[in-house]
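K.L.:
Encoded as structure tokens, here's the structure I'll be asking about.
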Amino acid sequence: MHDETELAALKRVLERPRWGYGEEVSAFENEFAAFQGAPYCVSCTSGTTALEVSLRALGVRPGDEVIVPAYTFIATASAALAVGAVPSFVDVDESWCMDPAAAEAAITERSKVIIPVHFSGCMADMDRLLPLAESHGLKVLEDACHAWGTQWDGRGAGTLGHCGVFSFQASKNMTAGEGGAIVTTDEELARQAGAITNTGRVEGESYNVHTRPGTNARMSEFGAALLRAQLTRMEEQTRIREENAGRLTEALREIEGLTPQAGTGRETRRSYHLYCLRIDPESFGCTRAQFCAAAQAEGLPTGAGYTLPLYEQPMFTEYGAPCVKRPCPVVEDLCAHSGMFLGHQFLLGSAADIDDIVAICEKVKRQAGSIPAQ
Ligand SMILES: Cc1ncc(COP(=O)(O)O)c(C=O)c1O
């Protein structure tokens, strides 16, 4: 979604002599840091890059293990591979986020970092994960790529662990087509992450001095200008999505066989990148594929979400990328039978639009027995 704000922002940059890495980028970093409640923000080119840069800044070395949930976008795990580390997959719990007990069981002497993913904008149980990590000397990198504006007991996602990463890719609630950011409360970590994104140059030092190995992961001035414009709508849009999600959840809970994703109860504000729900085919009366086909026919593009646990991706099973795999029954069930998503755009409508979504789900329930097999 855009209006004159984005057009004016792009024009402002276009008419300047310099289009790269300047005042828009630093203004965006300051504004996004303030939005998440973090003292530091380092922008970069994508959420994937933000994960890789963070792992490098946290000192992850080849052979280290990085504990990640098996239910997330591939980047959470492939970032570990990109720095020579090994993703160690663990199950999620009823929140669809990392199960702290499963994370604890996965810790070995090679473990270095835990990456809880705040899936769809709902936070992983940080009350249990943070002390767990601390007691084993592990770093916590929050994958907050869906959690712009989410707060845990008033503290912004990304500010509870050692650092947190965000994505501004095209499908996201705020976007510049591509883009990413790292937030942290640790000044030195921010300095190292900033240097990695800028070919190893440390801020304040000479342009021709490259203090550590890095890359070019710099956000462009155009991207930053777009994101500054998008950020002006985030408070309001987050409020609307949250309100509509509450209305939807209340109604869907009444439909036997549907279970909306529960928060942990500690989110004082929750972004909704996806509206997630589970179907129990037996008590609902039809399979997930039948539900999605029927809902789509009614104009509601419900999708099955991730249909493979990450460790079943061909990069691990065929290409041979290393990983530590263990049974993840909740993830297996979400992927094979029960998990469903609705995009965040559907939560920006009116209360009547939400009631229409509910009416479609009720209709599918009533007619479940007669939906053709998919
Ligand atoms: C949970 C999660 N982590 C990381 C990423 C990677 O972000 P990007 O697409 O900006 O590289 C995504 C993107 O969808 C994501 O959903």
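To be explicit about the labels: the chains of the structure tokens are called A, B, and onward in the order shown, and within each one the residues are counted from 1, while ligands get numbers from 1 in the order they are shown.
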Would you kindly return, as a list in words, each protein, DNA or RNA residue with an atom no farther than 10 Å from any atom of Arg270 in chain A, considering only C-alpha atoms and excluding same-chain residues fewer than 5 positions away?
P.N.:
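Using only C-alpha atoms, the neighbours found are Ser120, Gly121, Cys122, Met123, His146, Ala147, Trp148, Gly149, Thr150, Gln151, Trp152, Gly156, Ala157, Thr238, Arg239, Arg241, Glu242, Ala245 and Gly263 of chain A.
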K.L.:
Counting only C-alpha atoms and all ligand atoms, what residues are within 7 Å of ligand 1, given as number ranges by chain?
P.N.:
A: 46-49, 72-73, 75-76, 117, 119, 143-146, 167-169, 178-180
K.L.:
So that I can check the secondary structure, give me every residue of range 235-370 of chain A assigned helix (DSSP H, G or I) by backbone DSSP, as a ChimeraX atom specification.
P.N.:
/A:235-252,281-284,288-297,310-312,314-317,329-338,344-347,351-366,368-370
K.L.:
Apply DSSP to the backbone of this structure and, from range 182-362 of chain A, keep only the residues in strand (DSSP E); write these as a list in words.
P.N.:
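For range 182-362 of chain A, the strand (DSSP E) set is Ile182, Val183, Thr184, Leu258, Thr259, Pro260, Glu267, Thr268, Arg269, Leu274, Tyr275, Cys276, Leu277, Arg278, Ile279, Gly339, Met340, Phe341, Leu342 and Gly343 of chain A.
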K.L.:
Any idea what's packed within 9 Å of range 316-321 of chain A, counting only C-alpha atoms, ignoring anything in its chain fewer than 4 positions away? Could you give it as a PyMOL selection string?
P.N.:
chain A and resi 81+86+310-312
K.L.:
If you count only C-alpha atoms, which residues fall within 9 Å of Gly194 in chain A, apart from same-chain ones fewer than 4 positions away, as a ChimeraX atom specification?
P.N.:
/A:41-44,53,189-190,198,200-203
K.L.:
Give me the residues within 6 Å of Val90 in chain A as a VMD selection string, counting only C-alpha atoms and dropping any in the same chain fewer than 2 places off.
P.N.:
chain A and resid 69 to 70 102
K.L.:
Gly137 in chain A: which residues within 10 Å, counting only C-alpha atoms, same-chain residues fewer than 4 positions away excluded, as a VMD selection string?
P.N.:
chain A and resid 111 to 113 131 to 133
K.L.:
Create the file for the chosen residues now, containing C-alpha atoms and written as an mmCIF file, in the first residue's frame.
P.N.:
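result.cif, written as the output of this step:
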```cif
data_model
loop_
_atom_site.group_PDB
_atom_site.id
_atom_site.type_symbol
_atom_site.label_atom_id
_atom_site.label_comp_id
_atom_site.auth_asym_id
_atom_site.auth_seq_id
_atom_site.Cartn_x
_atom_site.Cartn_y
_atom_site.Cartn_z
ATOM 1 C CA SER A 111 25.639 -25.015 20.376
ATOM 2 C CA LYS A 112 26.340 -21.317 19.992
ATOM 3 C CA VAL A 113 23.113 -19.468 19.206
ATOM 4 C CA PRO A 131 17.331 -17.840 31.017
ATOM 5 C CA LEU A 132 17.897 -21.136 29.188
ATOM 6 C CA ALA A 133 20.349 -19.468 26.805
#
```
K.L.:
Of the candidates A:Val324, A:Glu23, A:Ala82, A:Arg278, which shows the shortest atom-to-atom distance to Arg110 in chain A, using only C-alpha atoms?
P.N.:
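Looking at the shortest contact to Arg110 in chain A, the residue is A:Val324.
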K.L.:
In Å, with one decimal, what is the gap from CA of Glu52 in chain A to CA of Cys323 in chain A?
P.N.:
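The value is 16.6 Å.
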K.L.:
I'd like to know which of A:Glu134, A:Val364, A:Asp99, A:Thr197 is closest to Gln296 in chain A, using only C-alpha atoms.
P.N.:
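Closest candidate: A:Val364.
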K.L.:
For a test of reading the model, state the distance in Å between CA of Lys363 in chain A and CA of Ala251 in chain A, rounded to one decimal.
P.N.:
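Going from CA of Lys363 in chain A over to CA of Ala251 in chain A covers 13.3 Å.
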K.L.:
Report, in Å with one decimal, the straight-line distance from CA of Gln237 in chain A to CA of Gly349 in chain A.
P.N.:
10.2 Å
K.L.:
Pick out the closest residue to Ser271 in chain A from this set: A:Thr215, A:Thr159, A:Gln313, A:Asn244. Count only C-alpha atoms.
P.N.:
A:Asn244
K.L.:
Residues near range 303-305 of chain A, anyone? I mean within 7 Å using only C-alpha atoms, not counting same-chain ones fewer than 6 positions away, as a PyMOL selection string.
P.N.:
chain A and resi 292+339-342
